[in-house]
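Novice: Handing you a structure now.
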Amino acid sequence: MATAEHCLYCFETLSAYLESRKSMSLGEIEKSYGVYCKEDEAGVASSSDKTESLEKRIPALQRVAGSDVADASTSSLPSSGSSMSLTTDTAATSTDSLADSESSAAIITESPLFVTWNTVSPRTGHASLRGCIGTFEAQELDEGLSSYAITSAIHDTRFDPISRRELPSLEVAVTLLTDFEDCGDAMDWEVGTHGLRISFAERGRRYGATYLPDVAAEQGWTKEETLVSLMRKAGWAGRKDKWQAVDLKVVRYQGRKKSMLYSEYKQWRDWVKSKGVEDEEDDEDDEDDEA
């Protein structure tokens, strides 16, 4: 499935493109992210130990206070809420990101893929589509992700190109496509499980379009509504109640998706800078060039 590293790579590629600098490679990101997660886990464990130690001390402090002054106010003692504040300085890496990194035994090196960019409202958290382009041809992930991260951000003709100032508001989603199957009929698929790729011809013109697996469920559409919307997306202008008269070829597929906010990328990127990871990689590149 898509991983946190894939999302980081898309953000890194787009940021480097907009900032006119060299991007880290997918391999470099995967290597650094493994170290980043281990340090994060160590930090969480250390904070948990401190919290547990303090929580063990609180009953003893309460007993001492109670024996000295029977009616003393307990507000002078640390509350359980304040003890939890010990963990607020730890990195905000999501647990599913850690799981992805740990369960990457079956490493995927190539796949059909889509890269989606959304803008997220800081007030409501609502995500709005900002660009989405991909391919059904299997791609080497290092090249494919970097290519479609830029293509979907800059060349999706439905939107203006993403600008550098928009980066903090972005969310990226990487979907690796799997399990392509011809449908027995137009309804031979499940909402929330399958993406659809349709093709058909009418009056000498060919049409085609796709929806990723999460689209129908997110929109709350029925199967019929999804198919009609997809036909409209392809450019079909027929009557809505006549869609079944069209000879549709429908291919269903599944997707392994991972999403990430810019704030998560920025936190990792700041860690990379603080560790001098970029400088080490640049030195290695120089040595290779000289050789």
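Within each chain, counting starts at residue 1; across the structure tokens, chains are named A, B, ... in the order shown, with ligands numbered 1 upward in that order.
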Could you name the residues that touch stretch 257-274 of chain A at 6 Å or less, counting only C-alpha atoms, but leaving out those on the same chain fewer than 3 positions away, as a list in words?
Specialist: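 Listing them by chain and then by number gives Ala2, Thr3, Leu8, Pro168, Leu170, Glu171, Val172, Ala173, Val174, Thr175 and Val277 of chain A.
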Novice: Taking the DSSP secondary structure from the backbone, can you list the residues of stretch 107-236 of chain A that are alpha helix (DSSP H), as a PyMOL selection string?
Specialist: chain A and resi 141-154+215-219+223-234
Novice: Produce a file of the selected residues containing C-alpha atoms, as a PDB file, in the first residue's frame.
Specialist:
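Just written: result-v5.pdb:
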ATOM      1  CA  LEU A 141       7.727   4.708  -7.786  1.00  0.00           C
ATOM      2  CA  ASP A 142      10.814   6.951  -7.554  1.00  0.00           C
ATOM      3  CA  GLU A 143      10.131   8.380 -11.000  1.00  0.00           C
ATOM      4  CA  GLY A 144       6.347   7.998 -11.107  1.00  0.00           C
ATOM      5  CA  LEU A 145       5.569   9.701  -7.808  1.00  0.00           C
ATOM      6  CA  SER A 146       7.851  12.656  -8.510  1.00  0.00           C
ATOM      7  CA  SER A 147       6.430  13.067 -12.018  1.00  0.00           C
ATOM      8  CA  TYR A 148       2.770  12.920 -11.016  1.00  0.00           C
ATOM      9  CA  ALA A 149       3.285  14.997  -7.860  1.00  0.00           C
ATOM     10  CA  ILE A 150       4.296  17.859 -10.172  1.00  0.00           C
ATOM     11  CA  THR A 151       1.827  17.056 -12.949  1.00  0.00           C
ATOM     12  CA  SER A 152      -1.187  16.937 -10.643  1.00  0.00           C
ATOM     13  CA  ALA A 153      -0.122  20.138  -8.837  1.00  0.00           C
ATOM     14  CA  ILE A 154       0.858  22.216 -11.861  1.00  0.00           C
ATOM     15  CA  VAL A 215     -14.856   9.134  -4.415  1.00  0.00           C
ATOM     16  CA  ALA A 216     -18.334   7.554  -4.412  1.00  0.00           C
ATOM     17  CA  ALA A 217     -18.294   6.925  -0.658  1.00  0.00           C
ATOM     18  CA  GLU A 218     -17.072  10.455   0.131  1.00  0.00           C
ATOM     19  CA  GLN A 219     -19.809  11.972  -2.041  1.00  0.00           C
ATOM     20  CA  LYS A 223     -23.948   3.124  -7.790  1.00  0.00           C
ATOM     21  CA  GLU A 224     -26.242   4.706 -10.389  1.00  0.00           C
ATOM     22  CA  GLU A 225     -25.341   8.239  -9.321  1.00  0.00           C
ATOM     23  CA  THR A 226     -21.652   7.343  -9.483  1.00  0.00           C
ATOM     24  CA  LEU A 227     -21.933   5.946 -12.998  1.00  0.00           C
ATOM     25  CA  VAL A 228     -23.934   8.908 -14.314  1.00  0.00           C
ATOM     26  CA  SER A 229     -21.481  11.352 -12.735  1.00  0.00           C
ATOM     27  CA  LEU A 230     -18.573   9.436 -14.233  1.00  0.00           C
ATOM     28  CA  MET A 231     -20.198   9.524 -17.673  1.00  0.00           C
ATOM     29  CA  ARG A 232     -20.664  13.274 -17.301  1.00  0.00           C
ATOM     30  CA  LYS A 233     -17.034  13.596 -16.332  1.00  0.00           C
ATOM     31  CA  ALA A 234     -16.119  11.762 -19.537  1.00  0.00           C
TER      32      ALA A 234
END
Novice: Let me make sure I understand: among A:Trp117, A:Arg165, A:Val191, A:Thr222, which one has the smallest atom-to-atom distance to A:Glu19 if we use only C-alpha atoms?
Specialist: A:Arg165
Novice: So that I can check the surroundings of A:Ser111, please list as a PyMOL selection string every protein, DNA and RNA residue that reaches within 8 Å of it, counting only C-alpha atoms and ignoring chain neighbours fewer than 5 positions away.
Specialist: chain A and resi 137-141+176-178
Novice: With N, CA and C atoms retained, could you export that selection as an mmCIF file, in the first residue's frame?
Specialist:
data_model
loop_
_atom_site.group_PDB
_atom_site.id
_atom_site.type_symbol
_atom_site.label_atom_id
_atom_site.label_comp_id
_atom_site.auth_asym_id
_atom_site.auth_seq_id
_atom_site.Cartn_x
_atom_site.Cartn_y
_atom_site.Cartn_z
ATOM 1 N N GLU A 137 -0.736 2.827 -16.025
ATOM 2 C CA GLU A 137 0.463 2.087 -16.397
ATOM 3 C C GLU A 137 1.385 1.998 -15.179
ATOM 4 N N ALA A 138 1.902 0.808 -14.909
ATOM 5 C CA ALA A 138 2.792 0.638 -13.762
ATOM 6 C C ALA A 138 4.014 1.543 -13.907
ATOM 7 N N GLN A 139 4.351 2.232 -12.826
ATOM 8 C CA GLN A 139 5.469 3.175 -12.808
ATOM 9 C C GLN A 139 6.477 2.774 -11.735
ATOM 10 N N GLU A 140 7.762 2.960 -12.031
ATOM 11 C CA GLU A 140 8.759 2.901 -10.965
ATOM 12 C C GLU A 140 8.420 4.035 -9.996
ATOM 13 N N LEU A 141 8.260 3.719 -8.717
ATOM 14 C CA LEU A 141 7.727 4.708 -7.786
ATOM 15 C C LEU A 141 8.603 5.950 -7.652
ATOM 16 N N LEU A 176 -2.048 3.812 -4.663
ATOM 17 C CA LEU A 176 -1.462 2.791 -5.524
ATOM 18 C C LEU A 176 -2.579 1.840 -5.942
ATOM 19 N N LEU A 177 -2.732 1.620 -7.239
ATOM 20 C CA LEU A 177 -3.873 0.883 -7.768
ATOM 21 C C LEU A 177 -3.560 -0.604 -7.925
ATOM 22 N N THR A 178 -4.536 -1.446 -7.556
ATOM 23 C CA THR A 178 -4.346 -2.902 -7.598
ATOM 24 C C THR A 178 -5.633 -3.592 -8.046
#
